[in-house]
Structure formats: C-alpha cells, structure tokens
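Chemist: Structure file data08.pdb, PDB, C-alpha atoms, is pasted below:
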MODEL        1
ATOM      1  CA  MET L  17       0.000   0.000   0.000
ATOM      2  CA  GLU L  18       2.964   2.340   0.518
ATOM      3  CA  ILE L  19       4.056   1.829  -3.085
ATOM      4  CA  PHE L  20       0.618   2.884  -4.331
ATOM      5  CA  LEU L  21       0.677   6.028  -2.184
ATOM      6  CA  VAL L  22       4.206   6.979  -3.227
ATOM      7  CA  CYS L  23       3.289   6.492  -6.903
ATOM      8  CA  LEU L  24       0.173   8.610  -6.365
ATOM      9  CA  LEU L  25       2.190  11.361  -4.662
ATOM     10  CA  VAL L  26       4.692  11.387  -7.527
ATOM     11  CA  PHE L  27       1.910  11.517 -10.147
ATOM     12  CA  ASN L  28       0.114  14.321  -8.325
ATOM     13  CA  GLY L  29       3.308  16.315  -7.984
ATOM     14  CA  LEU L  30       4.019  15.775 -11.669
ATOM     15  CA  ILE L  31       0.555  17.039 -12.645
ATOM     16  CA  GLY L  32       1.031  20.075 -10.427
ATOM     17  CA  PHE L  33       4.465  20.802 -11.859
ATOM     18  CA  LEU L  34       3.331  20.460 -15.485
ATOM     19  CA  GLY L  35       0.341  22.706 -14.787
ATOM     20  CA  PHE L  36       2.633  25.261 -13.171
ATOM     21  CA  ARG L  37       4.957  25.253 -16.180
ATOM     22  CA  TYR L  38       2.025  25.580 -18.591
ATOM     23  CA  LEU L  39       0.615  28.538 -16.622
ATOM     24  CA  ASN L  40       4.016  30.143 -16.058
ATOM     25  CA  LYS L  41       4.838  30.100 -19.775
ATOM     26  CA  SER L  42       1.972  32.465 -20.548
ATOM     27  CA  LYS L  43       1.895  34.568 -17.403
ATOM     28  CA  TYR L  44       2.293  37.838 -19.292
ATOM     29  CA  LEU L  45      -1.152  37.332 -20.846
ATOM     30  CA  PHE L  46      -2.978  37.221 -17.498
ATOM     31  CA  SER L  47      -5.334  39.944 -16.411
ATOM     32  CA  ASP L  48      -5.550  40.854 -12.726
ATOM     33  CA  ARG L  49      -8.773  38.949 -12.274
ATOM     34  CA  PHE L  50      -7.595  35.775 -13.963
ATOM     35  CA  ALA L  51      -4.356  35.844 -11.975
ATOM     36  CA  PHE L  52      -6.363  35.959  -8.720
ATOM     37  CA  ILE L  53      -8.627  33.083  -9.751
ATOM     38  CA  ALA L  54      -5.765  30.946 -11.089
ATOM     39  CA  ALA L  55      -3.745  31.394  -7.883
ATOM     40  CA  LEU L  56      -6.787  30.564  -5.729
ATOM     41  CA  THR L  57      -7.814  27.451  -7.678
ATOM     42  CA  ALA L  58      -4.367  25.967  -8.262
ATOM     43  CA  SER L  59      -2.953  26.526  -4.779
ATOM     44  CA  THR L  60      -6.095  25.206  -3.056
ATOM     45  CA  ILE L  61      -6.342  21.971  -4.996
ATOM     46  CA  VAL L  62      -2.617  21.147  -5.108
ATOM     47  CA  SER L  63      -2.068  21.700  -1.393
ATOM     48  CA  LEU L  64      -5.275  19.803  -0.508
ATOM     49  CA  VAL L  65      -4.275  16.740  -2.523
ATOM     50  CA  THR L  66      -0.650  16.782  -1.368
ATOM     51  CA  ALA L  67      -1.655  17.095   2.297
ATOM     52  CA  LEU L  68      -4.192  14.255   1.948
ATOM     53  CA  ASN L  69      -1.654  11.931   0.345
ATOM     54  CA  LEU L  70       1.058  12.766   2.874
ATOM     55  CA  PHE L  71      -1.286  12.156   5.796
ATOM     56  CA  LEU L  72      -2.420   8.816   4.375
ATOM     57  CA  LEU L  73       1.233   7.875   3.911
ATOM     58  CA  PHE L  74       2.300   8.694   7.512
ATOM     59  CA  PRO L  75      -0.838   8.447   9.707
ATOM     60  CA  ASP L  76       1.048   7.944  12.967
ATOM     61  CA  TYR L  77       2.991  11.212  13.191
ATOM     62  CA  PHE L  78       0.138  13.692  13.460
ATOM     63  CA  SER L  79       1.982  16.659  14.961
ATOM     64  CA  VAL L  80       4.878  16.505  12.501
ATOM     65  CA  ILE L  81       2.722  15.936   9.418
ATOM     66  CA  SER L  82       0.191  18.664  10.225
ATOM     67  CA  GLY L  83       2.904  21.309  10.559
ATOM     68  CA  LEU L  84       4.689  20.050   7.468
ATOM     69  CA  ASN L  85       1.444  20.113   5.467
ATOM     70  CA  MET L  86       0.742  23.698   6.433
ATOM     71  CA  ILE L  87       4.235  24.892   5.529
ATOM     72  CA  LEU L  88       4.124  22.932   2.266
ATOM     73  CA  GLY L  89       0.727  24.407   1.389
ATOM     74  CA  ILE L  90       1.945  27.935   2.079
ATOM     75  CA  GLY L  91       4.986  27.302  -0.114
ATOM     76  CA  ILE L  92       2.869  25.936  -2.972
ATOM     77  CA  GLY L  93       0.518  28.894  -2.699
ATOM     78  CA  ALA L  94       3.431  31.350  -2.713
ATOM     79  CA  VAL L  95       4.906  29.730  -5.840
ATOM     80  CA  PHE L  96       1.571  29.817  -7.692
ATOM     81  CA  GLY L  97       0.715  33.284  -6.454
ATOM     82  CA  ALA L  98       4.046  34.944  -7.196
ATOM     83  CA  MET L  99       3.420  34.713 -10.936
ATOM     84  CA  VAL L 100       1.717  38.064 -11.370
ATOM     85  CA  ASN L 101       1.269  40.605  -8.574
ATOM     86  CA  ALA L 102       0.649  41.219  -4.895
ATOM     87  CA  GLN L 103      -3.054  40.394  -4.714
ATOM     88  CA  SER L 104      -2.597  36.986  -6.337
ATOM     89  CA  PHE L 105       0.328  36.400  -3.963
ATOM     90  CA  ILE L 106      -1.858  37.011  -0.908
ATOM     91  CA  ALA L 107      -4.673  34.866  -2.318
ATOM     92  CA  GLY L 108      -2.322  31.993  -3.078
ATOM     93  CA  LEU L 109      -0.647  32.191   0.326
ATOM     94  CA  PHE L 110      -3.873  32.127   2.315
ATOM     95  CA  ASN L 111      -5.712  29.533   0.241
ATOM     96  CA  GLY L 112      -2.686  27.255   0.133
ATOM     97  CA  GLY L 113      -2.552  27.243   3.933
ATOM     98  CA  VAL L 114      -6.291  26.580   4.174
ATOM     99  CA  GLY L 115      -5.982  23.707   1.697
ATOM    100  CA  GLY L 116      -3.151  22.148   3.702
ATOM    101  CA  ILE L 117      -5.117  22.237   6.965
ATOM    102  CA  MET L 118      -8.235  20.885   5.248
ATOM    103  CA  GLY L 119      -6.305  17.987   3.687
ATOM    104  CA  THR L 120      -4.931  17.037   7.108
ATOM    105  CA  MET L 121      -8.458  17.108   8.545
ATOM    106  CA  ILE L 122      -9.865  14.897   5.772
ATOM    107  CA  GLY L 123      -7.038  12.410   6.231
ATOM    108  CA  ALA L 124      -7.512  12.280  10.013
ATOM    109  CA  VAL L 125     -11.276  11.700   9.762
ATOM    110  CA  THR L 126     -10.725   9.091   7.049
ATOM    111  CA  MET L 127      -8.224   7.056   9.048
ATOM    112  CA  ASN L 128     -10.198   7.264  12.313
ATOM    113  CA  PRO L 129     -13.923   8.082  11.910
ATOM    114  CA  SER L 130     -14.604   8.010  15.640
ATOM    115  CA  ILE L 131     -13.059  11.454  16.208
ATOM    116  CA  CYS L 132     -16.121  12.923  14.469
ATOM    117  CA  SER L 133     -18.386  10.626  16.554
ATOM    118  CA  LEU L 134     -19.132   8.551  13.482
ATOM    119  CA  PRO L 135     -19.597   4.794  13.895
ATOM    120  CA  VAL L 136     -16.601   2.805  12.698
ATOM    121  CA  SER L 137     -17.526   1.601   9.244
ATOM    122  CA  SER L 138     -17.121  -1.961   8.057
ATOM    123  CA  LEU L 139     -14.593  -1.002   5.398
ATOM    124  CA  SER L 140     -10.978  -1.955   5.983
ATOM    125  CA  GLY L 141      -8.117   0.524   5.930
ATOM    126  CA  GLN L 142      -6.863  -0.438   2.480
ATOM    127  CA  THR L 143     -10.215   0.184   0.808
ATOM    128  CA  VAL L 144     -10.408   3.645   2.331
ATOM    129  CA  ILE L 145      -6.857   4.524   1.263
ATOM    130  CA  LEU L 146      -7.460   3.245  -2.291
ATOM    131  CA  PHE L 147     -10.747   5.120  -2.548
ATOM    132  CA  PHE L 148      -9.459   8.457  -1.288
ATOM    133  CA  GLY L 149      -6.251   8.204  -3.310
ATOM    134  CA  LEU L 150      -8.123   7.715  -6.566
ATOM    135  CA  PHE L 151     -10.625  10.408  -5.571
ATOM    136  CA  SER L 152      -7.840  12.943  -4.988
ATOM    137  CA  PHE L 153      -6.196  12.017  -8.300
ATOM    138  CA  ILE L 154      -9.478  12.501 -10.203
ATOM    139  CA  LEU L 155     -10.140  15.836  -8.470
ATOM    140  CA  LEU L 156      -6.658  17.159  -9.262
ATOM    141  CA  SER L 157      -6.723  16.147 -12.920
ATOM    142  CA  THR L 158     -10.255  17.533 -13.452
ATOM    143  CA  THR L 159      -9.410  20.870 -11.849
ATOM    144  CA  PHE L 160      -6.163  21.298 -13.761
ATOM    145  CA  SER L 161      -7.757  20.406 -17.091
ATOM    146  CA  LEU L 162     -10.453  23.039 -16.420
ATOM    147  CA  LEU L 163      -7.807  25.579 -15.398
ATOM    148  CA  CYS L 164      -5.552  25.009 -18.400
ATOM    149  CA  PHE L 165      -8.557  25.052 -20.737
ATOM    150  CA  ALA L 166      -9.229  28.611 -19.536
ATOM    151  CA  LEU L 167      -6.253  29.873 -21.547
ATOM    152  CA  ARG L 168      -7.906  28.732 -24.792
ATOM    153  CA  VAL L 169     -11.389  30.115 -24.176
TER
ATOM    154  CA  MET V   9     -38.988  13.950  14.098
ATOM    155  CA  GLU V  10     -35.576  13.159  12.695
ATOM    156  CA  GLN V  11     -36.785  11.599   9.494
ATOM    157  CA  TRP V  12     -38.758  14.678   8.579
ATOM    158  CA  LEU V  13     -35.467  16.526   8.181
ATOM    159  CA  ALA V  14     -35.013  14.762   4.845
ATOM    160  CA  VAL V  15     -37.639  17.138   3.472
ATOM    161  CA  PHE V  16     -35.014  19.903   3.713
ATOM    162  CA  PHE V  17     -32.853  17.968   1.240
ATOM    163  CA  TYR V  18     -35.468  18.262  -1.488
ATOM    164  CA  ALA V  19     -36.355  21.825  -0.472
ATOM    165  CA  ASN V  20     -32.744  22.922  -1.076
ATOM    166  CA  PHE V  21     -32.762  21.494  -4.581
ATOM    167  CA  LEU V  22     -36.148  23.055  -5.322
ATOM    168  CA  ILE V  23     -34.967  26.495  -4.182
ATOM    169  CA  ALA V  24     -31.759  26.158  -6.201
ATOM    170  CA  PHE V  25     -33.751  25.180  -9.309
ATOM    171  CA  ILE V  26     -36.140  28.113  -8.918
ATOM    172  CA  SER V  27     -33.299  30.585  -8.461
ATOM    173  CA  TYR V  28     -31.448  29.098 -11.464
ATOM    174  CA  ILE V  29     -34.478  29.734 -13.677
ATOM    175  CA  TYR V  30     -34.849  33.232 -12.250
ATOM    176  CA  LEU V  31     -31.162  34.055 -12.815
ATOM    177  CA  TYR V  32     -31.148  32.554 -16.312
ATOM    178  CA  LYS V  33     -33.654  35.141 -17.498
ATOM    179  CA  ARG V  34     -31.653  38.103 -16.222
ATOM    180  CA  ARG V  35     -28.112  36.837 -16.652
ATOM    181  CA  LYS V  36     -27.227  39.533 -19.176
ATOM    182  CA  LEU V  37     -27.916  42.261 -16.597
ATOM    183  CA  ILE V  38     -25.540  40.902 -13.934
ATOM    184  CA  GLY V  39     -21.884  41.911 -13.896
ATOM    185  CA  PHE V  40     -19.026  39.497 -13.318
ATOM    186  CA  HIS V  41     -18.307  40.691  -9.793
ATOM    187  CA  LEU V  42     -21.778  39.767  -8.584
ATOM    188  CA  GLY V  43     -21.656  36.638 -10.741
ATOM    189  CA  MET V  44     -18.584  35.356  -8.919
ATOM    190  CA  ASN V  45     -20.298  35.769  -5.557
ATOM    191  CA  ILE V  46     -23.468  34.114  -6.848
ATOM    192  CA  ALA V  47     -21.482  31.072  -8.013
ATOM    193  CA  MET V  48     -19.692  30.791  -4.654
ATOM    194  CA  VAL V  49     -22.896  31.118  -2.606
ATOM    195  CA  ALA V  50     -24.851  28.667  -4.749
ATOM    196  CA  GLY V  51     -22.226  25.926  -4.858
ATOM    197  CA  GLY V  52     -21.190  26.257  -1.226
ATOM    198  CA  GLY V  53     -24.681  26.521   0.218
ATOM    199  CA  LEU V  54     -26.168  23.654  -1.754
ATOM    200  CA  SER V  55     -23.296  21.265  -0.990
ATOM    201  CA  LEU V  56     -23.280  22.258   2.701
ATOM    202  CA  GLY V  57     -26.976  21.456   3.063
ATOM    203  CA  THR V  58     -26.655  18.214   1.099
ATOM    204  CA  GLY V  59     -23.676  16.909   3.076
ATOM    205  CA  VAL V  60     -25.048  17.727   6.525
ATOM    206  CA  ILE V  61     -28.489  16.233   5.879
ATOM    207  CA  LEU V  62     -27.163  13.089   4.174
ATOM    208  CA  ILE V  63     -24.635  12.284   6.924
ATOM    209  CA  ASN V  64     -27.407  12.563   9.505
ATOM    210  CA  GLN V  65     -29.642  10.192   7.570
ATOM    211  CA  PHE V  66     -26.994   7.571   6.701
ATOM    212  CA  PRO V  67     -24.138   7.742   9.253
ATOM    213  CA  LEU V  68     -22.491   4.514   8.065
ATOM    214  CA  HIS V  69     -21.748   5.591   4.498
ATOM    215  CA  TYR V  70     -19.096   8.249   5.035
ATOM    216  CA  LEU V  71     -17.173   7.737   1.780
ATOM    217  CA  GLU V  72     -20.165   7.749  -0.541
ATOM    218  CA  ILE V  73     -21.616  10.849   1.104
ATOM    219  CA  THR V  74     -18.324  12.734   0.754
ATOM    220  CA  VAL V  75     -18.240  11.988  -2.971
ATOM    221  CA  ALA V  76     -21.934  12.794  -3.447
ATOM    222  CA  SER V  77     -21.686  16.094  -1.610
ATOM    223  CA  ALA V  78     -18.494  17.121  -3.444
ATOM    224  CA  LEU V  79     -20.120  16.269  -6.797
ATOM    225  CA  THR V  80     -23.228  18.269  -5.848
ATOM    226  CA  GLY V  81     -21.077  21.264  -4.986
ATOM    227  CA  ILE V  82     -19.040  20.993  -8.193
ATOM    228  CA  LEU V  83     -22.137  20.657 -10.387
ATOM    229  CA  ALA V  84     -23.995  23.522  -8.701
ATOM    230  CA  GLY V  85     -20.951  25.799  -8.844
ATOM    231  CA  VAL V  86     -20.300  24.982 -12.489
ATOM    232  CA  LEU V  87     -23.952  25.422 -13.505
ATOM    233  CA  PHE V  88     -24.397  28.724 -11.689
ATOM    234  CA  GLY V  89     -20.993  29.982 -12.802
ATOM    235  CA  ALA V  90     -21.576  29.056 -16.447
ATOM    236  CA  LEU V  91     -24.350  31.632 -16.618
ATOM    237  CA  PHE V  92     -21.806  34.442 -16.657
ATOM    238  CA  ASP V  93     -18.200  33.696 -17.584
ATOM    239  CA  TYR V  94     -15.509  31.034 -17.636
ATOM    240  CA  GLN V  95     -13.704  32.462 -14.613
ATOM    241  CA  THR V  96     -16.850  32.482 -12.487
ATOM    242  CA  LEU V  97     -17.169  28.808 -13.458
ATOM    243  CA  LEU V  98     -13.694  28.146 -12.035
ATOM    244  CA  THR V  99     -14.513  29.990  -8.803
ATOM    245  CA  GLY V 100     -17.780  28.126  -8.308
ATOM    246  CA  HIS V 101     -16.052  24.807  -9.035
ATOM    247  CA  ILE V 102     -13.307  25.207  -6.438
ATOM    248  CA  ASN V 103     -15.558  26.655  -3.735
ATOM    249  CA  GLY V 104     -18.186  23.941  -4.188
ATOM    250  CA  LEU V 105     -15.476  21.274  -4.002
ATOM    251  CA  LEU V 106     -13.982  22.605  -0.766
ATOM    252  CA  MET V 107     -17.372  23.088   0.927
ATOM    253  CA  GLY V 108     -18.597  19.691  -0.250
ATOM    254  CA  ILE V 109     -15.579  17.892   1.215
ATOM    255  CA  MET V 110     -15.956  19.782   4.493
ATOM    256  CA  ALA V 111     -19.741  19.394   4.892
ATOM    257  CA  PRO V 112     -19.986  15.720   6.069
ATOM    258  CA  MET V 113     -17.505  16.454   8.868
ATOM    259  CA  VAL V 114     -19.611  19.370  10.077
ATOM    260  CA  GLY V 115     -22.706  17.192   9.970
ATOM    261  CA  ALA V 116     -20.989  14.372  11.836
ATOM    262  CA  ALA V 117     -19.651  16.708  14.513
ATOM    263  CA  SER V 118     -23.107  18.211  15.093
ATOM    264  CA  SER V 119     -24.386  14.639  15.744
ATOM    265  CA  GLY V 120     -27.946  15.210  14.641
ATOM    266  CA  SER V 121     -28.802  18.177  16.781
ATOM    267  CA  LEU V 122     -32.190  19.457  15.715
ATOM    268  CA  ILE V 123     -31.632  23.151  16.327
ATOM    269  CA  PHE V 124     -28.400  23.131  14.322
ATOM    270  CA  MET V 125     -30.190  21.641  11.316
ATOM    271  CA  ILE V 126     -32.979  24.205  11.499
ATOM    272  CA  PHE V 127     -30.517  27.105  11.732
ATOM    273  CA  LEU V 128     -28.507  25.687   8.837
ATOM    274  CA  GLU V 129     -31.619  25.407   6.703
ATOM    275  CA  VAL V 130     -32.578  28.996   7.536
ATOM    276  CA  PHE V 131     -29.035  30.079   6.614
ATOM    277  CA  VAL V 132     -29.079  28.300   3.235
ATOM    278  CA  VAL V 133     -32.528  29.566   2.306
ATOM    279  CA  GLY V 134     -31.569  33.069   3.431
ATOM    280  CA  SER V 135     -28.435  32.978   1.264
ATOM    281  CA  PHE V 136     -30.446  32.010  -1.809
ATOM    282  CA  ALA V 137     -32.997  34.713  -1.005
ATOM    283  CA  MET V 138     -30.195  37.288  -0.734
ATOM    284  CA  VAL V 139     -28.871  36.121  -4.121
ATOM    285  CA  LEU V 140     -32.274  36.751  -5.686
ATOM    286  CA  VAL V 141     -32.661  40.149  -3.979
ATOM    287  CA  SER V 142     -29.183  41.321  -5.006
ATOM    288  CA  SER V 143     -29.739  40.253  -8.615
ATOM    289  CA  LYS V 144     -32.934  42.282  -8.555
ATOM    290  CA  LEU V 145     -31.136  45.357  -7.174
ATOM    291  CA  SER V 146     -28.172  45.339  -9.539
TER
ENDMDL
END
If you took the structure in this file and wrote it as structure tokens, what would it be?
Modeler:
Amino acid sequence: MEIFLVCLLVFNGLIGFLGFRYLNKSKYLFSDRFAFIAALTASTIVSLVTALNLFLLFPDYFSVISGLNMILGIGIGAVFGAMVNAQSFIAGLFNGGVGGIMGTMIGAVTMNPSICSLPVSSLSGQTVILFFGLFSFILLSTTFSLLCFALRV
Amino acid sequence: MEQWLAVFFYANFLIAFISYIYLYKRRKLIGFHLGMNIAMVAGGGLSLGTGVILINQFPLHYLEITVASALTGILAGVLFGALFDYQTLLTGHINGLLMGIMAPMVGAASSGSLIFMIFLEVFVVGSFAMVLVSSKLS
C-alpha cells in the first residue's frame, strides 16, 4: 500500500508541476482577475491533494505531518501566487494554507472516523486509502484540465 | 422527528432550481463581480446542506456521502458559474469542491442536533434569497 501512495504522490506532484509550467509560460497574458482566480484554484487543490496523500502515507505522526502540510501548502501557494502581482500572492498564500489544513483534517477523519463521533464503518483501511487516493487524483486532474482550458477560451 | 429533516434535502434542490431559472432570465444584466459571488454562494450553500443532511440520515456511508456532496457542490458551482463567464465557473467549481468535502464532517460533529439543522436550513434559504434580492437590485 505504501508503493501505491508513493506512486500517487509522484503523479500528483508531476501534474502540479506540469500545470505550473504551462501557466508560467503564458503569465504575461494574465489579467488581474484571472491571476487571482488561477492562484486561488491551483494553490487550493494542489495543497489539498498533497496534504491528503502525505497524511495517508504517515498516519502515525500527526503533529509533525500537520505542521509540514501547512508549511508545504503555504509554499505551494506562494509559488503559484508569485506569478503576477501582490493580490494573487496574498490569495495563493492564504488559500494554500487553508488547503493544507483541510487535507490534514480529511485524512484524520478518514483514518479514524470516531473522532467525528461517526460509527466505525465496516470497510478496511486499504479500501479507504485506495478510494481516497483515486478520488484525490481525479479531483486534481479535473481541476487542472479546467484551469488550463481557460487559456484557450 | 428526525426523518422529517429529509424534506429539507429536497427543499434545497427546489430552491436552487427556482433561483437558477430566475437568474437565467436576467443573466445579461448581472456583472461578473456579482456573478462570482453568486457562483460561490450557490455551490457552497447547496453542498453544505446536502452533506449535513445526508450524513445525519446515513451515518455509516461516510465515503459515498463525501463523494456525493463534493459532486453536488461541483455541479452547482459549475452550472451557476456558467451563466456568466468562464472564470466564475472556475470559482464556483473550487468553492463547491472545498465546501462539499468539508460538509460531512460538520454534519458528523453536530451529531444530529435538531436546532443546528434548522438554523442551517434557515441560513441556506436566506443565502439564496439574498442572491435573488441582489440580482434584482443590480
């Protein structure tokens, strides 16, 4: 199961990197409004998916992984937001941090449903990890295809 | 009493459908700044109501409800955002996704409290009513 998660993390990082290069190549064409929306969308979804995968990979070290996820999300948001100007920088910074915290929360509730006072479901741990891994991959690819299609419309 | 709360689930969709028809007729009169806020309110509010009510009705199916609520948010955000512009579509998509993932946790943490559900329903209906009023005023 670790091999699946590491492959998924590598694929998700690759999609994020290719999307960043595709957006960065044409950053001089962006208006102010599109720069804001691109920074918000890209930093939120990339930091959410990365934080979810990292938490599913190391579920035992909560305090380390939650801090690492937040710092990683802020870094991703700063990289996506620094393409154009100050307002997209602030939007990317804040939404990247929010996405990191939210990904940690989803991972924690997924691994242990009783912290939200839910009954423990009959599914095993591997089914949950497989399901949420594929779900995060589908979400990331859908969002980035919509975002990169915006340059052609 | 608890099973009557499922009526709110259909009431949310009915209100969203009515406001979609109302906004479709006057979509040329609404600027993009209001359109972005309309897409965020519609996607977030509809997925929040859907996730909270579904997790109270079926507490054992956490995974399916997360996917259903996220898909509801994405579809509502995309449909309401597509009335105006491509960038409002992107904003509605990402906000509906985030709210839809978060909503089952809120519903599970509230653990079926009746007064929370009633206040949430009032909040969602009030948000849609404010959308209609602000589209009338613009």
Chemist: So that each row is one residue of chain V with an atom at most 8 Å from chain L, can you give its shortest atom pair and the distance in Å to one decimal, using only C-alpha atoms, rows by chain and rising number, as JSON lines?
Modeler:
{"residue": "V:Pro67", "atom": "CA", "partner": "L:Leu134", "partner_atom": "CA", "distance": 6.6}
{"residue": "V:Leu68", "atom": "CA", "partner": "L:Ser137", "partner_atom": "CA", "distance": 5.9}
{"residue": "V:His69", "atom": "CA", "partner": "L:Ser137", "partner_atom": "CA", "distance": 7.5}
{"residue": "V:Leu71", "atom": "CA", "partner": "L:Val144", "partner_atom": "CA", "distance": 7.9}
{"residue": "V:Tyr94", "atom": "CA", "partner": "L:Ala166", "partner_atom": "CA", "distance": 7.0}
{"residue": "V:Gln95", "atom": "CA", "partner": "L:Phe50", "partner_atom": "CA", "distance": 7.0}
{"residue": "V:Leu98", "atom": "CA", "partner": "L:Leu163", "partner_atom": "CA", "distance": 7.2}
{"residue": "V:Thr99", "atom": "CA", "partner": "L:Ile53", "partner_atom": "CA", "distance": 6.7}
{"residue": "V:Ile102", "atom": "CA", "partner": "L:Thr57", "partner_atom": "CA", "distance": 6.1}
{"residue": "V:Ile109", "atom": "CA", "partner": "L:Ile122", "partner_atom": "CA", "distance": 7.9}
{"residue": "V:Met110", "atom": "CA", "partner": "L:Met118", "partner_atom": "CA", "distance": 7.8}
{"residue": "V:Met113", "atom": "CA", "partner": "L:Cys132", "partner_atom": "CA", "distance": 6.8}
{"residue": "V:Ala116", "atom": "CA", "partner": "L:Cys132", "partner_atom": "CA", "distance": 5.7}
{"residue": "V:Ala117", "atom": "CA", "partner": "L:Cys132", "partner_atom": "CA", "distance": 5.2}
{"residue": "V:Ser119", "atom": "CA", "partner": "L:Ser133", "partner_atom": "CA", "distance": 7.3}
Chemist: Emit the selected residues as a PDB file, keeping the file's coordinate frame, including C-alpha atoms.
Modeler:
ATOM      1  CA  PRO V  67     -24.138   7.742   9.253  1.00  0.00           C
ATOM      2  CA  LEU V  68     -22.491   4.514   8.065  1.00  0.00           C
ATOM      3  CA  HIS V  69     -21.748   5.591   4.498  1.00  0.00           C
ATOM      4  CA  LEU V  71     -17.173   7.737   1.780  1.00  0.00           C
ATOM      5  CA  TYR V  94     -15.509  31.034 -17.636  1.00  0.00           C
ATOM      6  CA  GLN V  95     -13.704  32.462 -14.613  1.00  0.00           C
ATOM      7  CA  LEU V  98     -13.694  28.146 -12.035  1.00  0.00           C
ATOM      8  CA  THR V  99     -14.513  29.990  -8.803  1.00  0.00           C
ATOM      9  CA  ILE V 102     -13.307  25.207  -6.438  1.00  0.00           C
ATOM     10  CA  ILE V 109     -15.579  17.892   1.215  1.00  0.00           C
ATOM     11  CA  MET V 110     -15.956  19.782   4.493  1.00  0.00           C
ATOM     12  CA  MET V 113     -17.505  16.454   8.868  1.00  0.00           C
ATOM     13  CA  ALA V 116     -20.989  14.372  11.836  1.00  0.00           C
ATOM     14  CA  ALA V 117     -19.651  16.708  14.513  1.00  0.00           C
ATOM     15  CA  SER V 119     -24.386  14.639  15.744  1.00  0.00           C
TER      16      SER V 119
END
Chemist: Translate the PyMOL selection byres ((chain L and resi 66) around 9), as applied to the file shown, into an explicit residue set as a PyMOL selection string.
Modeler: chain L and resi 25+28-29+61-65+67-71+85+88-89+116+119+152
Chemist: Can you list, as a VMD selection string, the residues that the PyMOL selection byres ((chain V and resi 73-78) around 9) selects here?
Modeler: (chain L and resid 151) or (chain V and resid 54 to 60 62 to 63 66 69 to 72 79 to 83 104 to 113)
Chemist: Around (3.4, 3.9, -4.7) in the file's own coordinates, what residues are found within 12 Å if you use all atoms listed in the file, given back as a ChimeraX atom specification?
Modeler: /L:17-28,69-70,72-73,145-146,149
Chemist: What gap, in Å, lies between atom CA of Glu129 of chain V and atom CA of Ile61 of chain V?
Modeler: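 According to the coordinates, atom CA of Glu129 of chain V and atom CA of Ile61 of chain V are separated by 9.7 Å.
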Chemist: Step by step, gather every atom of segment 88-106 of chain L that the file lists, find the box along x, y and z that holds them, add 3 Å on each side, and finally give centre and edge lengths in Å to one decimal, as JSON.
Modeler:
{"center_x": 1.0, "center_y": 32.1, "center_z": -4.6, "size_x": 14.0, "size_y": 24.3, "size_z": 19.6}
Chemist: Where atoms are missing, can you supply all heavy atoms for segment 94-99 of chain V and output the lot as a PDB file, in the coordinates of the input?
Modeler:
ATOM      1  N   TYR V  94     -16.275  32.236 -17.940  1.00  0.00           N
ATOM      2  CA  TYR V  94     -15.509  31.034 -17.636  1.00  0.00           C
ATOM      3  C   TYR V  94     -14.819  31.135 -16.287  1.00  0.00           C
ATOM      4  O   TYR V  94     -14.638  30.134 -15.603  1.00  0.00           O
ATOM      5  CB  TYR V  94     -14.462  30.779 -18.722  1.00  0.00           C
ATOM      6  CG  TYR V  94     -13.905  29.383 -18.670  1.00  0.00           C
ATOM      7  CD1 TYR V  94     -14.617  28.326 -19.215  1.00  0.00           C
ATOM      8  CD2 TYR V  94     -12.705  29.107 -18.068  1.00  0.00           C
ATOM      9  CE1 TYR V  94     -14.136  27.053 -19.154  1.00  0.00           C
ATOM     10  CE2 TYR V  94     -12.215  27.828 -18.002  1.00  0.00           C
ATOM     11  CZ  TYR V  94     -12.945  26.805 -18.548  1.00  0.00           C
ATOM     12  OH  TYR V  94     -12.477  25.532 -18.467  1.00  0.00           O
ATOM     13  N   GLN V  95     -14.432  32.334 -15.875  1.00  0.00           N
ATOM     14  CA  GLN V  95     -13.704  32.462 -14.613  1.00  0.00           C
ATOM     15  C   GLN V  95     -14.630  32.339 -13.412  1.00  0.00           C
ATOM     16  O   GLN V  95     -14.219  31.824 -12.368  1.00  0.00           O
ATOM     17  CB  GLN V  95     -12.959  33.781 -14.598  1.00  0.00           C
ATOM     18  CG  GLN V  95     -12.004  33.861 -15.748  1.00  0.00           C
ATOM     19  CD  GLN V  95     -11.287  35.158 -15.821  1.00  0.00           C
ATOM     20  OE1 GLN V  95     -11.242  35.891 -14.860  1.00  0.00           O
ATOM     21  NE2 GLN V  95     -10.726  35.453 -16.971  1.00  0.00           N
ATOM     22  N   THR V  96     -15.891  32.754 -13.559  1.00  0.00           N
ATOM     23  CA  THR V  96     -16.850  32.482 -12.487  1.00  0.00           C
ATOM     24  C   THR V  96     -17.112  30.988 -12.367  1.00  0.00           C
ATOM     25  O   THR V  96     -17.348  30.483 -11.275  1.00  0.00           O
ATOM     26  CB  THR V  96     -18.163  33.202 -12.745  1.00  0.00           C
ATOM     27  OG1 THR V  96     -18.612  32.869 -14.031  1.00  0.00           O
ATOM     28  CG2 THR V  96     -17.993  34.675 -12.654  1.00  0.00           C
ATOM     29  N   LEU V  97     -17.035  30.274 -13.504  1.00  0.00           N
ATOM     30  CA  LEU V  97     -17.169  28.808 -13.458  1.00  0.00           C
ATOM     31  C   LEU V  97     -16.052  28.194 -12.624  1.00  0.00           C
ATOM     32  O   LEU V  97     -16.295  27.316 -11.795  1.00  0.00           O
ATOM     33  CB  LEU V  97     -17.138  28.277 -14.887  1.00  0.00           C
ATOM     34  CG  LEU V  97     -17.433  26.818 -15.198  1.00  0.00           C
ATOM     35  CD1 LEU V  97     -18.064  26.752 -16.571  1.00  0.00           C
ATOM     36  CD2 LEU V  97     -16.175  25.996 -15.250  1.00  0.00           C
ATOM     37  N   LEU V  98     -14.821  28.679 -12.820  1.00  0.00           N
ATOM     38  CA  LEU V  98     -13.694  28.146 -12.035  1.00  0.00           C
ATOM     39  C   LEU V  98     -13.871  28.437 -10.546  1.00  0.00           C
ATOM     40  O   LEU V  98     -13.608  27.577  -9.702  1.00  0.00           O
ATOM     41  CB  LEU V  98     -12.391  28.780 -12.521  1.00  0.00           C
ATOM     42  CG  LEU V  98     -11.713  28.111 -13.694  1.00  0.00           C
ATOM     43  CD1 LEU V  98     -10.489  28.887 -14.057  1.00  0.00           C
ATOM     44  CD2 LEU V  98     -11.319  26.712 -13.315  1.00  0.00           C
ATOM     45  N   THR V  99     -14.333  29.652 -10.218  1.00  0.00           N
ATOM     46  CA  THR V  99     -14.513  29.990  -8.803  1.00  0.00           C
ATOM     47  C   THR V  99     -15.588  29.138  -8.158  1.00  0.00           C
ATOM     48  O   THR V  99     -15.410  28.639  -7.040  1.00  0.00           O
ATOM     49  CB  THR V  99     -14.891  31.469  -8.676  1.00  0.00           C
ATOM     50  OG1 THR V  99     -14.082  32.213  -9.544  1.00  0.00           O
ATOM     51  CG2 THR V  99     -14.697  31.950  -7.289  1.00  0.00           C
TER      52      THR V  99
END
